>>> print(open('query.cif').read())   # mmCIF, C-alpha atoms, pLDDT in the B column; chains and numbers go by the auth columns
data_start
#
loop_
_atom_site.group_PDB
_atom_site.id
_atom_site.type_symbol
_atom_site.label_atom_id
_atom_site.label_comp_id
_atom_site.label_asym_id
_atom_site.label_seq_id
_atom_site.Cartn_x
_atom_site.Cartn_y
_atom_site.Cartn_z
_atom_site.B_iso_or_equiv
_atom_site.auth_seq_id
_atom_site.auth_asym_id
ATOM 1 C CA MET A 1 -1.235 27.233 -3.614 38.00 1 A
ATOM 2 C CA ASN A 2 -4.324 29.125 -4.859 38.00 2 A
ATOM 3 C CA GLY A 3 -6.616 26.912 -2.809 36.00 3 A
ATOM 4 C CA ARG A 4 -6.034 23.867 -5.009 38.00 4 A
ATOM 5 C CA SER A 5 -6.174 20.436 -3.360 39.00 5 A
ATOM 6 C CA ILE A 6 -6.016 16.763 -4.166 36.00 6 A
ATOM 7 C CA ARG A 7 -7.395 13.748 -2.324 39.00 7 A
ATOM 8 C CA GLY A 8 -6.788 10.033 -2.837 37.00 8 A
ATOM 9 C CA ALA A 9 -8.878 6.880 -2.945 33.00 9 A
ATOM 10 C CA ALA A 10 -9.816 5.210 0.372 34.00 10 A
ATOM 11 C CA PRO A 11 -9.803 1.401 0.517 35.00 11 A
ATOM 12 C CA ALA A 12 -10.057 -0.338 3.908 35.00 12 A
ATOM 13 C CA LEU A 13 -7.289 -0.175 6.508 38.00 13 A
ATOM 14 C CA VAL A 14 -5.364 -3.366 7.243 36.00 14 A
ATOM 15 C CA LEU A 15 -2.036 -3.293 9.071 41.00 15 A
ATOM 16 C CA GLY A 16 -0.276 -6.447 7.872 40.00 16 A
ATOM 17 C CA LEU A 17 1.487 -8.837 10.195 39.00 17 A
ATOM 18 C CA ALA A 18 3.783 -11.680 9.146 36.00 18 A
ATOM 19 C CA THR A 19 4.423 -14.997 10.870 34.00 19 A
ATOM 20 C CA LEU A 20 8.094 -14.837 9.925 36.00 20 A
ATOM 21 C CA ALA A 21 11.127 -14.114 12.131 32.00 21 A
ATOM 22 C CA ALA A 22 11.305 -10.848 13.998 32.00 22 A
ATOM 23 C CA ALA A 23 13.887 -9.052 11.855 43.00 23 A
ATOM 24 C CA GLN A 24 12.919 -6.354 9.351 47.00 24 A
ATOM 25 C CA ASN A 25 12.539 -7.662 5.800 56.00 25 A
ATOM 26 C CA PRO A 26 15.156 -6.587 3.272 75.00 26 A
ATOM 27 C CA ARG A 27 13.923 -4.123 0.690 86.00 27 A
ATOM 28 C CA THR A 28 12.053 -6.028 -2.028 90.00 28 A
ATOM 29 C CA GLY A 29 10.713 -3.229 -4.242 95.00 29 A
ATOM 30 C CA GLU A 30 9.371 0.305 -4.498 97.00 30 A
ATOM 31 C CA ILE A 31 5.797 -0.115 -3.238 97.00 31 A
ATOM 32 C CA ALA A 32 4.457 1.638 -0.119 96.00 32 A
ATOM 33 C CA ARG A 33 1.215 1.488 1.858 91.00 33 A
ATOM 34 C CA PHE A 34 0.097 4.949 3.016 90.00 34 A
ATOM 35 C CA VAL A 35 -2.803 5.453 5.447 92.00 35 A
ATOM 36 C CA GLU A 36 -4.287 8.483 7.227 94.00 36 A
ATOM 37 C CA LEU A 37 -6.396 8.346 10.393 96.00 37 A
ATOM 38 C CA TYR A 38 -8.370 11.171 12.001 97.00 38 A
ATOM 39 C CA PRO A 39 -8.835 10.966 15.792 97.00 39 A
ATOM 40 C CA LYS A 40 -12.564 10.975 16.559 96.00 40 A
ATOM 41 C CA ASP A 41 -13.886 14.103 18.280 93.00 41 A
ATOM 42 C CA GLY A 42 -10.358 15.529 18.143 91.00 42 A
ATOM 43 C CA ASP A 43 -9.323 13.186 20.970 96.00 43 A
ATOM 44 C CA ALA A 44 -5.724 12.534 19.901 96.00 44 A
ATOM 45 C CA ALA A 45 -4.638 11.188 23.303 97.00 45 A
ATOM 46 C CA THR A 46 -7.189 8.339 23.335 98.00 46 A
ATOM 47 C CA PHE A 47 -6.467 7.447 19.716 97.00 47 A
ATOM 48 C CA GLU A 48 -2.692 7.433 20.260 97.00 48 A
ATOM 49 C CA ALA A 49 -2.974 5.202 23.327 98.00 49 A
ATOM 50 C CA GLY A 50 -5.021 2.705 21.316 97.00 50 A
ATOM 51 C CA TYR A 51 -2.665 2.854 18.352 97.00 51 A
ATOM 52 C CA ARG A 52 0.329 2.153 20.598 96.00 52 A
ATOM 53 C CA ARG A 53 -1.500 -0.879 21.971 96.00 53 A
ATOM 54 C CA HIS A 54 -1.950 -2.037 18.383 94.00 54 A
ATOM 55 C CA LEU A 55 1.757 -1.580 17.673 93.00 55 A
ATOM 56 C CA ASP A 56 2.432 -3.865 20.637 92.00 56 A
ATOM 57 C CA LEU A 57 0.583 -6.599 18.737 90.00 57 A
ATOM 58 C CA HIS A 58 2.961 -6.112 15.795 88.00 58 A
ATOM 59 C CA ARG A 59 5.865 -6.370 18.224 89.00 59 A
ATOM 60 C CA ARG A 60 4.593 -9.504 19.935 87.00 60 A
ATOM 61 C CA ASN A 61 4.000 -11.201 16.572 84.00 61 A
ATOM 62 C CA GLY A 62 7.450 -10.275 15.231 85.00 62 A
ATOM 63 C CA ASP A 63 6.118 -8.217 12.316 86.00 63 A
ATOM 64 C CA PRO A 64 9.101 -7.894 9.908 87.00 64 A
ATOM 65 C CA TRP A 65 7.756 -4.725 8.271 89.00 65 A
ATOM 66 C CA THR A 66 8.648 -1.227 9.473 93.00 66 A
ATOM 67 C CA TRP A 67 5.715 1.149 10.025 93.00 67 A
ATOM 68 C CA HIS A 68 6.507 4.870 10.133 97.00 68 A
ATOM 69 C CA GLY A 69 4.155 7.298 11.869 97.00 69 A
ATOM 70 C CA TRP A 70 3.625 11.064 11.455 98.00 70 A
ATOM 71 C CA THR A 71 1.240 13.777 12.589 97.00 71 A
ATOM 72 C CA VAL A 72 0.155 16.380 10.006 97.00 72 A
ATOM 73 C CA VAL A 73 1.074 19.811 11.427 97.00 73 A
ATOM 74 C CA THR A 74 0.228 22.156 8.513 95.00 74 A
ATOM 75 C CA GLY A 75 -2.413 22.118 5.785 90.00 75 A
ATOM 76 C CA ASP A 76 -6.106 21.236 5.698 87.00 76 A
ATOM 77 C CA ARG A 77 -5.439 17.767 7.180 92.00 77 A
ATOM 78 C CA THR A 78 -3.765 19.204 10.309 94.00 78 A
ATOM 79 C CA GLY A 79 -4.212 16.818 13.231 95.00 79 A
ATOM 80 C CA ALA A 80 -4.446 13.677 11.113 96.00 80 A
ATOM 81 C CA PHE A 81 -2.128 10.775 11.852 97.00 81 A
ATOM 82 C CA VAL A 82 -0.389 9.154 8.872 97.00 82 A
ATOM 83 C CA ASN A 83 1.371 5.796 8.824 95.00 83 A
ATOM 84 C CA GLY A 84 3.170 3.971 6.070 94.00 84 A
ATOM 85 C CA THR A 85 5.333 0.980 5.260 93.00 85 A
ATOM 86 C CA PHE A 86 7.806 1.234 2.379 96.00 86 A
ATOM 87 C CA GLY A 87 10.179 -0.758 0.170 96.00 87 A
ATOM 88 C CA HIS A 88 7.897 -3.670 -0.732 95.00 88 A
ATOM 89 C CA SER A 89 6.993 -5.439 -3.973 95.00 89 A
ATOM 90 C CA TRP A 90 3.494 -6.187 -5.218 93.00 90 A
ATOM 91 C CA ALA A 91 4.315 -9.887 -4.850 91.00 91 A
ATOM 92 C CA GLU A 92 5.297 -9.346 -1.219 88.00 92 A
ATOM 93 C CA LEU A 93 1.936 -7.728 -0.531 84.00 93 A
ATOM 94 C CA ASP A 94 0.286 -10.888 -1.906 83.00 94 A
ATOM 95 C CA ALA A 95 2.565 -13.299 -0.047 74.00 95 A
ATOM 96 C CA THR A 96 2.517 -11.729 3.415 66.00 96 A
ATOM 97 C CA PRO A 97 -0.068 -13.526 5.549 58.00 97 A
ATOM 98 C CA ARG A 98 -2.659 -11.415 7.354 65.00 98 A
ATOM 99 C CA LEU A 99 -3.529 -12.614 10.818 64.00 99 A
ATOM 100 C CA ARG A 100 -7.128 -12.598 12.001 72.00 100 A
ATOM 101 C CA GLU A 101 -5.780 -11.329 15.307 81.00 101 A
ATOM 102 C CA ASP A 102 -4.629 -8.134 13.568 81.00 102 A
ATOM 103 C CA ALA A 103 -8.102 -7.283 12.290 83.00 103 A
ATOM 104 C CA VAL A 104 -9.609 -8.052 15.684 89.00 104 A
ATOM 105 C CA ASP A 105 -7.053 -5.852 17.434 91.00 105 A
ATOM 106 C CA ASN A 106 -7.665 -3.010 14.946 89.00 106 A
ATOM 107 C CA ALA A 107 -11.373 -3.209 15.691 92.00 107 A
ATOM 108 C CA LEU A 108 -10.641 -3.079 19.417 95.00 108 A
ATOM 109 C CA ASN A 109 -7.820 -0.537 19.722 96.00 109 A
ATOM 110 C CA VAL A 110 -7.773 1.673 16.600 96.00 110 A
ATOM 111 C CA LEU A 111 -11.042 1.950 14.689 94.00 111 A
ATOM 112 C CA PRO A 112 -13.238 2.967 17.669 96.00 112 A
ATOM 113 C CA PHE A 113 -11.065 6.057 18.097 97.00 113 A
ATOM 114 C CA ALA A 114 -10.291 7.121 14.508 97.00 114 A
ATOM 115 C CA THR A 115 -11.866 7.693 11.118 95.00 115 A
ATOM 116 C CA ILE A 116 -9.997 6.356 8.070 93.00 116 A
ATOM 117 C CA GLY A 117 -9.159 8.912 5.381 91.00 117 A
ATOM 118 C CA LEU A 118 -6.654 8.247 2.632 85.00 118 A
ATOM 119 C CA ASP A 119 -5.605 4.586 2.300 89.00 119 A
ATOM 120 C CA THR A 120 -3.604 3.894 -0.819 91.00 120 A
ATOM 121 C CA HIS A 121 -0.433 2.502 -2.378 95.00 121 A
ATOM 122 C CA LEU A 122 2.513 4.545 -3.613 97.00 122 A
ATOM 123 C CA VAL A 123 5.015 3.512 -6.286 97.00 123 A
ATOM 124 C CA ARG A 124 8.441 5.059 -5.709 98.00 124 A
ATOM 125 C CA LEU A 125 10.107 6.651 -8.740 98.00 125 A
ATOM 126 C CA PRO A 126 13.875 6.215 -8.193 97.00 126 A
ATOM 127 C CA GLN A 127 14.776 8.200 -11.312 97.00 127 A
ATOM 128 C CA HIS A 128 13.074 11.289 -9.836 97.00 128 A
ATOM 129 C CA SER A 129 14.265 10.775 -6.241 98.00 129 A
ATOM 130 C CA ARG A 130 17.411 12.088 -4.552 98.00 130 A
ATOM 131 C CA GLY A 131 18.901 10.443 -1.461 97.00 131 A
ATOM 132 C CA GLU A 132 18.029 7.335 0.520 96.00 132 A
ATOM 133 C CA GLU A 133 14.341 6.702 1.144 97.00 133 A
ATOM 134 C CA GLU A 134 14.813 5.369 4.685 95.00 134 A
ATOM 135 C CA ALA A 135 16.847 8.431 5.714 96.00 135 A
ATOM 136 C CA ALA A 136 14.095 10.688 4.394 97.00 136 A
ATOM 137 C CA LEU A 137 11.396 8.756 6.241 97.00 137 A
ATOM 138 C CA ARG A 138 13.278 9.094 9.545 96.00 138 A
ATOM 139 C CA SER A 139 13.822 12.849 9.279 97.00 139 A
ATOM 140 C CA PRO A 140 12.084 15.049 11.895 98.00 140 A
ATOM 141 C CA PHE A 141 9.789 16.547 9.230 98.00 141 A
ATOM 142 C CA LEU A 142 8.497 15.600 5.798 98.00 142 A
ATOM 143 C CA THR A 143 6.916 18.263 3.624 97.00 143 A
ATOM 144 C CA LEU A 144 4.654 16.682 1.011 97.00 144 A
ATOM 145 C CA LEU A 145 3.673 18.172 -2.329 97.00 145 A
ATOM 146 C CA ARG A 146 0.744 16.226 -3.795 94.00 146 A
ATOM 147 C CA VAL A 147 -0.170 17.095 -7.364 95.00 147 A
ATOM 148 C CA ARG A 148 -2.568 15.933 -10.034 93.00 148 A
ATOM 149 C CA LEU A 149 -1.178 16.600 -13.471 94.00 149 A
ATOM 150 C CA ALA A 150 -3.275 18.135 -16.226 91.00 150 A
ATOM 151 C CA ASP A 151 -0.713 17.281 -18.909 85.00 151 A
ATOM 152 C CA GLU A 152 2.080 14.780 -19.612 85.00 152 A
ATOM 153 C CA GLU A 153 4.712 14.359 -16.902 91.00 153 A
ATOM 154 C CA GLY A 154 7.761 15.638 -18.768 93.00 154 A
ATOM 155 C CA ALA A 155 7.208 19.334 -18.036 93.00 155 A
ATOM 156 C CA PHE A 156 6.570 18.654 -14.364 95.00 156 A
ATOM 157 C CA TRP A 157 9.725 16.589 -13.808 96.00 157 A
ATOM 158 C CA ALA A 158 11.804 19.125 -15.721 96.00 158 A
ATOM 159 C CA ALA A 159 10.480 21.830 -13.383 96.00 159 A
ATOM 160 C CA VAL A 160 11.296 19.634 -10.354 97.00 160 A
ATOM 161 C CA ALA A 161 14.899 19.156 -11.503 96.00 161 A
ATOM 162 C CA GLU A 162 15.344 22.855 -12.261 96.00 162 A
ATOM 163 C CA SER A 163 13.704 24.144 -9.080 96.00 163 A
ATOM 164 C CA LEU A 164 14.910 21.615 -6.473 96.00 164 A
ATOM 165 C CA GLY A 165 18.261 20.580 -7.943 94.00 165 A
ATOM 166 C CA SER A 166 20.023 18.063 -5.707 95.00 166 A
ATOM 167 C CA ARG A 167 17.779 18.729 -2.681 96.00 167 A
ATOM 168 C CA PRO A 168 16.895 15.384 -1.003 97.00 168 A
ATOM 169 C CA ARG A 169 13.454 14.181 -2.035 98.00 169 A
ATOM 170 C CA GLN A 170 11.473 11.033 -2.638 98.00 170 A
ATOM 171 C CA SER A 171 9.047 10.882 -5.563 98.00 171 A
ATOM 172 C CA TYR A 172 6.030 8.619 -5.891 97.00 172 A
ATOM 173 C CA ARG A 173 3.121 7.841 -8.169 96.00 173 A
ATOM 174 C CA VAL A 174 -0.173 7.317 -6.365 95.00 174 A
ATOM 175 C CA ALA A 175 -1.501 3.882 -7.364 93.00 175 A
ATOM 176 C CA GLY A 176 -5.240 3.438 -7.494 78.00 176 A
ATOM 177 C CA GLY A 177 -5.969 7.165 -7.294 73.00 177 A
ATOM 178 C CA PRO A 178 -6.856 9.704 -9.982 76.00 178 A
ATOM 179 C CA THR A 179 -4.703 9.442 -13.111 81.00 179 A
ATOM 180 C CA GLY A 180 -1.624 11.658 -12.953 86.00 180 A
ATOM 181 C CA SER A 181 -1.471 11.829 -9.144 93.00 181 A
ATOM 182 C CA LEU A 182 2.094 12.252 -7.842 96.00 182 A
ATOM 183 C CA LEU A 183 3.656 12.892 -4.446 96.00 183 A
ATOM 184 C CA LEU A 184 6.987 14.540 -3.586 98.00 184 A
ATOM 185 C CA ALA A 185 8.310 14.018 -0.035 98.00 185 A
ATOM 186 C CA LEU A 186 10.958 16.541 1.027 98.00 186 A
ATOM 187 C CA PRO A 187 12.748 15.764 4.328 98.00 187 A
ATOM 188 C CA HIS A 188 14.000 18.493 6.657 98.00 188 A
ATOM 189 C CA ASP A 189 15.050 18.899 10.278 97.00 189 A
ATOM 190 C CA SER A 190 13.696 22.369 11.153 97.00 190 A
ATOM 191 C CA TRP A 191 11.220 25.099 10.244 96.00 191 A
ATOM 192 C CA THR A 192 14.160 27.176 9.029 96.00 192 A
ATOM 193 C CA ALA A 193 14.815 24.513 6.420 96.00 193 A
ATOM 194 C CA PHE A 194 11.111 24.463 5.565 96.00 194 A
ATOM 195 C CA GLY A 195 11.359 28.087 4.451 95.00 195 A
ATOM 196 C CA SER A 196 13.772 27.265 1.647 94.00 196 A
ATOM 197 C CA ILE A 197 11.708 24.204 0.675 95.00 197 A
ATOM 198 C CA GLU A 198 8.586 26.341 0.323 94.00 198 A
ATOM 199 C CA GLU A 199 10.485 28.779 -1.906 95.00 199 A
ATOM 200 C CA GLY A 200 11.659 25.905 -4.081 95.00 200 A
ATOM 201 C CA VAL A 201 8.157 24.437 -4.338 95.00 201 A
ATOM 202 C CA ASN A 202 6.723 27.815 -5.339 94.00 202 A
ATOM 203 C CA ARG A 203 9.340 28.101 -8.101 95.00 203 A
ATOM 204 C CA LEU A 204 8.496 24.572 -9.169 95.00 204 A
ATOM 205 C CA LEU A 205 4.775 25.301 -9.512 94.00 205 A
ATOM 206 C CA VAL A 206 5.428 28.452 -11.495 94.00 206 A
ATOM 207 C CA ARG A 207 7.786 26.629 -13.868 94.00 207 A
ATOM 208 C CA ALA A 208 5.473 23.632 -14.199 94.00 208 A
ATOM 209 C CA GLY A 209 2.672 26.016 -15.142 91.00 209 A
ATOM 210 C CA PRO A 210 -0.432 24.445 -16.683 90.00 210 A
ATOM 211 C CA SER A 211 0.983 20.911 -16.409 90.00 211 A
ATOM 212 C CA VAL A 212 -0.203 20.940 -12.756 93.00 212 A
ATOM 213 C CA GLY A 213 -3.975 20.793 -12.501 89.00 213 A
ATOM 214 C CA GLU A 214 -4.189 20.559 -8.699 87.00 214 A
ATOM 215 C CA GLY A 215 -1.630 20.813 -5.894 89.00 215 A
ATOM 216 C CA HIS A 216 -1.488 20.644 -2.132 92.00 216 A
ATOM 217 C CA LEU A 217 1.365 21.313 0.315 94.00 217 A
ATOM 218 C CA GLU A 218 1.501 19.998 3.883 96.00 218 A
ATOM 219 C CA THR A 219 4.086 19.158 6.539 97.00 219 A
ATOM 220 C CA LEU A 220 4.303 15.996 8.653 98.00 220 A
ATOM 221 C CA ARG A 221 6.161 15.681 11.961 98.00 221 A
ATOM 222 C CA ARG A 222 7.684 12.264 12.640 98.00 222 A
ATOM 223 C CA ARG A 223 6.344 10.391 15.674 97.00 223 A
ATOM 224 C CA GLY A 224 8.965 7.923 16.851 94.00 224 A
ATOM 225 C CA SER A 225 6.714 6.647 19.646 94.00 225 A
ATOM 226 C CA MET A 226 3.986 5.957 17.063 96.00 226 A
ATOM 227 C CA SER A 227 6.277 4.025 14.728 96.00 227 A
ATOM 228 C CA TYR A 228 7.324 0.350 14.599 93.00 228 A
ATOM 229 C CA PRO A 229 9.961 -0.651 15.291 85.00 229 A
ATOM 230 C CA PRO A 230 10.209 2.338 17.629 68.00 230 A
ATOM 231 C CA ASP A 231 13.396 4.372 17.383 60.00 231 A
ATOM 232 C CA ARG A 232 13.410 5.623 20.946 48.00 232 A
#
>>> encode(input="query.cif", output="structure tokens")
Amino acid sequence: MNGRSIRGAAPALVLGLATLAAAQNPRTGEIARFVELYPKDGDAATFEAGYRRHLDLHRRNGDPWTWHGWTVVTGDRTGAFVNGTFGHSWAELDATPRLREDAVDNALNVLPFATIGLDTHLVRLPQHSRGEEEAALRSPFLTLLRVRLADEEGAFWAAVAESLGSRPRQSYRVAGGPTGSLLLALPHDSWTAFGSIEEGVNRLLVRAGPSVGEGHLETLRRRGSMSYPPDR
């Protein structure tokens, strides 16, 4: 990747709770919340115990949103924990009530043990995605290609189509970050499968050429026990 990297904007972390019934909301749109947390002093065990306590608050309050959790296992953010909730609309983000109890619980169980990194919104691009988003999010691994474009998007998406073909992937625009910031999420179930994904991404970057100003590749491992609702 020639040492190129991209980072996103970092607003404050709020894990939203709703006072509605305890079933997951139907999909209302293509907006996602995406947050990264770094365990303080490298103490992942203490952070994870606190985060699980916080997920219990979501459970007790019947939070209708699904929160997925991953640990970054390759790249310069290795060791970070990433969570996200997907399939919302902007209007839903406005309408969902935030409970004071959630902020208090965050301050008690999460923030003392973690530093907030990236906290942003993603806008899914269905026309550049292949496969079901939820299936991708529940795969054992997600390899992410984050890019910041130096030119118009056409050349990049043409290179994606040519290099990745029908390979399952979810494509997003980073909202609120640097202009031209995009994210490709490629699901896979093994490191063997990662090998072919890396080859495809390398072809993509060569074909995209100067249209990509910055790029970063990393792999996330799904954490079922750090997700809500848990799929254990």
>>> resolve_selection(input="query.cif", expression="the PyMOL selection byres ((chain A and resi 226) around 8)", output="PyMOL selection string")
chain A and resi 48+51-52+55+68-70+223-225+227-228+230
>>> write_last_selection(input="query.cif", atoms="C-alpha atoms", output="PDB file, in the frame of the given file")
ATOM      1  CA  GLU A  48      -2.692   7.433  20.260  1.00 97.00           C
ATOM      2  CA  TYR A  51      -2.665   2.854  18.352  1.00 97.00           C
ATOM      3  CA  ARG A  52       0.329   2.153  20.598  1.00 96.00           C
ATOM      4  CA  LEU A  55       1.757  -1.580  17.673  1.00 93.00           C
ATOM      5  CA  HIS A  68       6.507   4.870  10.133  1.00 97.00           C
ATOM      6  CA  GLY A  69       4.155   7.298  11.869  1.00 97.00           C
ATOM      7  CA  TRP A  70       3.625  11.064  11.455  1.00 98.00           C
ATOM      8  CA  ARG A 223       6.344  10.391  15.674  1.00 97.00           C
ATOM      9  CA  GLY A 224       8.965   7.923  16.851  1.00 94.00           C
ATOM     10  CA  SER A 225       6.714   6.647  19.646  1.00 94.00           C
ATOM     11  CA  SER A 227       6.277   4.025  14.728  1.00 96.00           C
ATOM     12  CA  TYR A 228       7.324   0.350  14.599  1.00 93.00           C
ATOM     13  CA  PRO A 230      10.209   2.338  17.629  1.00 68.00           C
TER      14      PRO A 230
END
>>> atom_distance(input="query.cif", atom1="CA of Arg207 (chain A)", atom2="CA of Ser190 (chain A)")
26.1 Å
>>> residues_near_point(input="query.cif", point="(13.8, -4.7, -2.0)", cutoff="12 Å", atoms="only C-alpha atoms", output="short mmCIF file (atom, residue, chain, number, x, y, z; two decimals) with C-alpha atoms, in the frame of the given file")
data_model
loop_
_atom_site.label_atom_id
_atom_site.label_comp_id
_atom_site.auth_asym_id
_atom_site.auth_seq_id
_atom_site.Cartn_x
_atom_site.Cartn_y
_atom_site.Cartn_z
CA GLN A 24 12.92 -6.35 9.35
CA ASN A 25 12.54 -7.66 5.80
CA PRO A 26 15.16 -6.59 3.27
CA ARG A 27 13.92 -4.12 0.69
CA THR A 28 12.05 -6.03 -2.03
CA GLY A 29 10.71 -3.23 -4.24
CA GLU A 30 9.37 0.30 -4.50
CA ILE A 31 5.80 -0.12 -3.24
CA ALA A 32 4.46 1.64 -0.12
CA TRP A 65 7.76 -4.72 8.27
CA PHE A 86 7.81 1.23 2.38
CA GLY A 87 10.18 -0.76 0.17
CA HIS A 88 7.90 -3.67 -0.73
CA SER A 89 6.99 -5.44 -3.97
CA TRP A 90 3.49 -6.19 -5.22
CA ALA A 91 4.32 -9.89 -4.85
CA GLU A 92 5.30 -9.35 -1.22
CA ARG A 124 8.44 5.06 -5.71
CA GLU A 133 14.34 6.70 1.14
#
>>> resolve_selection(input="query.cif", expression="the PyMOL selection byres ((chain A and resi 160) around 9)", output="number ranges by chain")
A: 128, 155-159, 161-165, 200-201, 203-205, 207-208
>>> atom_distance(input="query.cif", atom1="CA of Thr71 (chain A)", atom2="CA of Pro39 (chain A)")
10.9 Å
>>> closest_residue(input="query.cif", among="A:Asp151, A:Glu218, A:Glu132, A:Glu198", to="Gly79 (chain A)", atoms="all atoms listed in the file")
A:Glu218
>>> resolve_selection(input="query.cif", expression="the PyMOL selection byres ((chain A and resi 41) around 10)", output="ChimeraX atom specification")
/A:38-40,42-44,113-115
>>> atom_distance(input="query.cif", atom1="CA of Arg221 (chain A)", atom2="CA of Val73 (chain A)")
6.6 Å
>>> closest_residue(input="query.cif", among="A:Ala175, A:Val123, A:Leu137, A:Leu145", to="Gly75 (chain A)", atoms="all atoms listed in the file")
A:Leu145
>>> axis_aligned_box(input="query.cif", around="region 130-147 of chain A", padding_each_side="6 Å", output="lines of an AutoDock Vina configuration file")
center_x = 9.4
center_y = 11.8
center_z = 2.3
size_x = 31.1
size_y = 24.9
size_z = 31.3
>>> closest_residue(input="query.cif", among="A:Arg148, A:Arg130, A:Arg53, A:Arg77", to="Thr219 (chain A)", atoms="only C-alpha atoms")
A:Arg77
>>> residues_around(input="query.cif", residues="Ala185 (chain A)", least_positions_apart="2", cutoff="10 Å", atoms="only C-alpha atoms", output="list in words")
Ser129, Glu133, Ala136, Leu137, Phe141, Leu142, Thr143, Leu144, Leu145, Arg146, Pro168, Arg169, Gln170, Ser171, Tyr172, Leu183, Pro187, His188, Glu218, Thr219 and Leu220 of chain A
